[in-house]
Each structure stands twice: as C-alpha cells, then as structure tokens.
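Chemist: Quick one: the structure is below, questions incoming.
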Amino acid sequence: MTEYDRNLIIYNLQWFAKDGPGGEKTEEPTTKKLDDARKDGKVAKSKELSAAFDLIVLFLILKIFMSFVYDGFLSVFSFTYTRIPDFVKNNSEYMSGYSVTSFMYTVVVETVKIMLPFLLIGFIVCVLVNILQVGWKVTTKPMEPKLDKFNPINGFKRIFSMDSLFELAKSIVKIGLIAYMAYTAIKDNANDLFFLYDIPLMQAIILCGQVILDAGFKIGLVYLVLGIVDWIYQKHKFHEEMKMTKQEVKDEHKNTEGSPEVKGRQRQKMREASRRRMMQDIPKADVIITNPTHLSVALKYDPNESKAPIVLAKGEDYLALKIREVAKENHIEIVENKPLARMLYANVDIGQEIPPELYQAVAEVLAMVYNLKNN
C-alpha cells in the first residue's frame, strides 16, 4: 500500500444527501403511508380555520338571538340583586348554608341555560369544520403516552424548531390584526361612545353590544382569511413531510408485496405441493399418453363424474419420466402418441376436461386400453 492509499478516506456520499441515508424525499407519498399517518392522527388541518368559523358563527348567533340573551341576563341580574338585601341582614334564616347554596344553584342554572345553545352550536361547528378538512376517522393514538414526549432534549428541539417559530410569528400577526380590528371598530363608534353617560342604561347596553358585535364580525373575517392561508400552508407542509425517498418506496413495496426472493420461494412451494398432489392422482388414471420420452399426460374417464376425459397429470422431461415410473408401478397402460401428447400437454390444464376436438383421438386410445384390460 502506497503513502497515497493510506491517506485515502472512504466516504459514503449517501450520508451527505438531503434527509439522511435514504436520500432526498422526491417521491410522492404512497396510499399506505397516508393511511398509516391518518391512523396515527397525522393529518393536514388548520386550527385557525376551525376557530375562525366558531367565532363568526358565535357572533352571528349572538346577533340573531340578542333579545333572548338580553332578556335572560336581565332576569338573572334582577333575581340576583333582589336577593342581596336578604343576605346582608343578620338573620340566620337567610344566612344558612342551604339558602346560599340554593341561591347560587339557581343563578348558575339560569346562566347555563342562556349559554348552552351557543356552546352546543360552537361544538357542532367545530366538529363539522374538522370533518370537512380531514374527513371522519376517529383514532386514539395521539392520546397514547409516548416516552419521547417526556424527553427534555426533544422538548427543546420542538420549542426552537422552525414550526415553533412559524407558530410564534403567526400568533404575533394574529394578535396584531385582532387588536387593529378592535381599535377600528371602537374608533368608528367613538362619537357615540362619548355620550354613553348622557343616554339611558338600556340604550347604553344596546350600543355597547352593537360595537362588540361589529368588532367581532371584523375580527372573525380577518381570522377566516388567516385560517384559509394557514390551511393551505398546513396542506403543503403535510404533503412535503409525507414525501418519501426512493429507498423508502422500495422498502414499502417489499414489505407490502414481499421480496422477489420470498415470492419465488412461495411459488416454488406451491408448485411442489401441486406436483405432489398430481403424483398422488396418477394411480387413478386410465392411460398415460407419451411423446414418448419428453412428454407424459395422464387421463381418466368416468362417465359418472364428467362428460369427457380429464387430465390428471402432465409433465415434461424429468417429470414425464416420473409419471411413467408411477404408471408402471400401478400397472397403468402407457400409449405412445406424439401428436396427441403434444396437443393435450399444450392445451389442457390439470383437472380440466379435454376439448371436443380431441374426443375422437382420445376415445380411440381409451377403447384400445379397455380392450387390452378385458383380454
């Protein structure tokens, strides 16, 4: 070995390829990989889009049922403040634990009655938006405990990853836009808000509610635009993550379909099993038609089982020799007929009846064999 050879360093250039040993992910994801990812709860969806629809529907329902909400909270307000004087009295009858519990229970129940329709509608909208994004498939795998989630190193990697930075930037933009929309909504109604102290309480509440609804709709529409952009990004990101290297595609195909070596061994075993069954059926044959050395075809005819003679076995060369040997051991007639042997071997599979074109030729052979047996 020369000095030059000793200084050579052997590199595996595959390790320098993008994404590691498998090379660059240039192949489209297979159906199996997408199905496996879906079973693991990995899908392309945007939480921002669901939140945007929830927000818009919430303010829309609130605007439609404003009178219902107003009457409900006014009733709770009136009930609460009419009972306050009773509780400030130094009277054990009103300060008992039962009376306080009953009072709080009534307030909570009435408040929940007002809020429940909005909570149910929000839940339904959230479910429908998620179904529209990813379809319906329930999986519990994302909730399964995984040890790598408790690994502090992995935690730091997630915190300082590009995804975390993107989410941080998205949150900053979202907060900025929401603050701007709220500011513009209040600014547009600034002149009216300055006169709140000069108008009756009910009118002031209605005015504040209108300002809140206008701001809510504007924020919801901005949120919807952000959600659509985020959904497009999430789809693109998921597609890029699901891409595969050429080696991954080969490995998946090998695992799914089986390696050529394994498939070859399976076919070999199937042929051997079929050959054993075929050799076991030879003693049932009536005659063996040969080529005379290259081909052998075993025929059986039973009028009660089939309309025409059936090929029980066939083979060439070594297998043809084994068929003749078994036939001799079982005293089965061997008839040399080159054209008929070739026709049977090439056109009739094992277990099938012979075609009508060969009825005459086979009938003559079987008649000769039956005559020999009878004599």
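How things are named: the first chain in the structure tokens is A, the next is B, and so on; residues count from 1 in each chain; ligands count from 1 in the order shown.
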With DSSP run on the backbone, what are the strand (DSSP E) residues within range 169-314 of chain A? I'd like them as an NGL selection string.

Modeler: :A and (287-290 or 295-300 or 310-314)

Chemist: Write the residues of the preceding selection, restricted to N, CA and C atoms, as a PDB file, in the first residue's frame.

Modeler:
```
ATOM      1  N   VAL A 287     -54.995 -44.159 -18.517  1.00  0.00           N
ATOM      2  CA  VAL A 287     -53.957 -44.316 -19.523  1.00  0.00           C
ATOM      3  C   VAL A 287     -52.964 -43.164 -19.417  1.00  0.00           C
ATOM      4  N   ILE A 288     -51.700 -43.427 -19.828  1.00  0.00           N
ATOM      5  CA  ILE A 288     -50.668 -42.406 -19.919  1.00  0.00           C
ATOM      6  C   ILE A 288     -50.292 -42.276 -21.388  1.00  0.00           C
ATOM      7  N   ILE A 289     -50.464 -41.074 -21.933  1.00  0.00           N
ATOM      8  CA  ILE A 289     -50.110 -40.829 -23.337  1.00  0.00           C
ATOM      9  C   ILE A 289     -48.767 -40.105 -23.349  1.00  0.00           C
ATOM     10  N   THR A 290     -47.807 -40.636 -24.135  1.00  0.00           N
ATOM     11  CA  THR A 290     -46.447 -40.095 -24.118  1.00  0.00           C
ATOM     12  C   THR A 290     -46.009 -39.612 -25.494  1.00  0.00           C
ATOM     13  N   LEU A 295     -42.680 -35.957 -23.137  1.00  0.00           N
ATOM     14  CA  LEU A 295     -43.970 -35.561 -22.557  1.00  0.00           C
ATOM     15  C   LEU A 295     -44.722 -36.778 -22.064  1.00  0.00           C
ATOM     16  N   SER A 296     -45.482 -36.580 -20.989  1.00  0.00           N
ATOM     17  CA  SER A 296     -46.382 -37.614 -20.465  1.00  0.00           C
ATOM     18  C   SER A 296     -47.641 -36.936 -19.958  1.00  0.00           C
ATOM     19  N   VAL A 297     -48.827 -37.501 -20.343  1.00  0.00           N
ATOM     20  CA  VAL A 297     -50.114 -36.939 -19.912  1.00  0.00           C
ATOM     21  C   VAL A 297     -50.968 -38.083 -19.405  1.00  0.00           C
ATOM     22  N   ALA A 298     -51.460 -37.947 -18.137  1.00  0.00           N
ATOM     23  CA  ALA A 298     -52.301 -38.973 -17.529  1.00  0.00           C
ATOM     24  C   ALA A 298     -53.767 -38.590 -17.698  1.00  0.00           C
ATOM     25  N   LEU A 299     -54.588 -39.547 -18.241  1.00  0.00           N
ATOM     26  CA  LEU A 299     -56.008 -39.296 -18.473  1.00  0.00           C
ATOM     27  C   LEU A 299     -56.864 -40.264 -17.678  1.00  0.00           C
ATOM     28  N   LYS A 300     -58.040 -39.772 -17.263  1.00  0.00           N
ATOM     29  CA  LYS A 300     -59.022 -40.614 -16.581  1.00  0.00           C
ATOM     30  C   LYS A 300     -60.407 -40.253 -17.111  1.00  0.00           C
ATOM     31  N   ILE A 310     -60.583 -36.483 -18.246  1.00  0.00           N
ATOM     32  CA  ILE A 310     -59.930 -35.395 -17.502  1.00  0.00           C
ATOM     33  C   ILE A 310     -58.432 -35.655 -17.445  1.00  0.00           C
ATOM     34  N   VAL A 311     -57.643 -34.575 -17.557  1.00  0.00           N
ATOM     35  CA  VAL A 311     -56.187 -34.671 -17.402  1.00  0.00           C
ATOM     36  C   VAL A 311     -55.860 -34.667 -15.914  1.00  0.00           C
ATOM     37  N   LEU A 312     -55.347 -35.781 -15.416  1.00  0.00           N
ATOM     38  CA  LEU A 312     -54.973 -35.877 -14.002  1.00  0.00           C
ATOM     39  C   LEU A 312     -53.576 -35.358 -13.735  1.00  0.00           C
ATOM     40  N   ALA A 313     -52.675 -35.526 -14.693  1.00  0.00           N
ATOM     41  CA  ALA A 313     -51.287 -35.108 -14.511  1.00  0.00           C
ATOM     42  C   ALA A 313     -50.636 -34.933 -15.866  1.00  0.00           C
ATOM     43  N   LYS A 314     -49.625 -34.069 -15.902  1.00  0.00           N
ATOM     44  CA  LYS A 314     -48.835 -33.928 -17.123  1.00  0.00           C
ATOM     45  C   LYS A 314     -47.468 -33.377 -16.746  1.00  0.00           C
TER      46      LYS A 314
END
```

Chemist: Set the distance at 12 Å and use only C-alpha atoms: which residues neighbour Met115 in chain A once local chain neighbours fewer than 4 positions away are removed? I'd like the list as an MDAnalysis selection string.

Modeler: chainID A and resid 58 61:62 65 68:70 72:73 108:111 119:122

Chemist: Can you work out which one of A:Tyr359, A:Trp136, A:Phe195, A:Tyr223 has the shortest atom-to-atom distance to Ile178 in chain A, counting only C-alpha atoms?

Modeler: A:Tyr223

Chemist: With only C-alpha atoms counted and 12 Å as the cut-off, give the residues of range 163-195 of chain A in contact with range 227-230 of chain A, each with its shortest interatomic distance in Å and the pair that gives it, as a tab-separated table.

Modeler:
```
residue	atom	partner	partner_atom	distance
A:Phe166	CA	A:Asp230	CA	10.6
A:Glu167	CA	A:Asp230	CA	10.1
A:Lys170	CA	A:Asp230	CA	8.9
A:Ser171	CA	A:Asp230	CA	11.5
A:Lys174	CA	A:Gly227	CA	10.2
```

Chemist: Could you give me, as number ranges by chain, the residues within 12 Å of Ala320 in chain A, counting only C-alpha atoms and dropping anything in the same chain fewer than 2 positions from it?

Modeler: A: 275, 278-279, 282, 288-298, 313-318, 322-327, 334, 341, 345

Chemist: Create the file for the chosen residues now, containing C-alpha atoms and written as a compact mmCIF listing (two decimals), in the first residue's frame.

Modeler:
```txt
# COMPACT_ATOMS: atom_id res chain seq x y z
CA ARG A 275 -46.80 -31.66 -8.04
CA MET A 278 -50.63 -34.57 -9.10
CA MET A 279 -48.35 -37.58 -8.50
CA ILE A 282 -51.67 -40.82 -11.17
CA ILE A 288 -50.67 -42.41 -19.92
CA ILE A 289 -50.11 -40.83 -23.34
CA THR A 290 -46.45 -40.09 -24.12
CA ASN A 291 -44.27 -38.32 -26.70
CA PRO A 292 -42.62 -40.94 -25.95
CA THR A 293 -39.80 -39.55 -23.75
CA HIS A 294 -40.28 -35.77 -23.47
CA LEU A 295 -43.97 -35.56 -22.56
CA SER A 296 -46.38 -37.61 -20.47
CA VAL A 297 -50.11 -36.94 -19.91
CA ALA A 298 -52.30 -38.97 -17.53
CA ALA A 313 -51.29 -35.11 -14.51
CA LYS A 314 -48.84 -33.93 -17.12
CA GLY A 315 -45.13 -33.19 -17.29
CA GLU A 316 -42.08 -32.97 -19.50
CA ASP A 317 -38.59 -34.43 -19.35
CA TYR A 318 -37.78 -35.50 -15.77
CA LYS A 322 -41.54 -39.87 -13.02
CA ILE A 323 -45.13 -40.07 -14.32
CA ARG A 324 -44.26 -43.13 -16.43
CA GLU A 325 -42.48 -44.76 -13.48
CA VAL A 326 -45.53 -44.33 -11.21
CA ALA A 327 -47.75 -45.63 -14.02
CA ILE A 334 -48.67 -46.28 -21.44
CA ALA A 341 -49.50 -35.94 -26.30
CA TYR A 345 -49.91 -31.00 -22.91
```
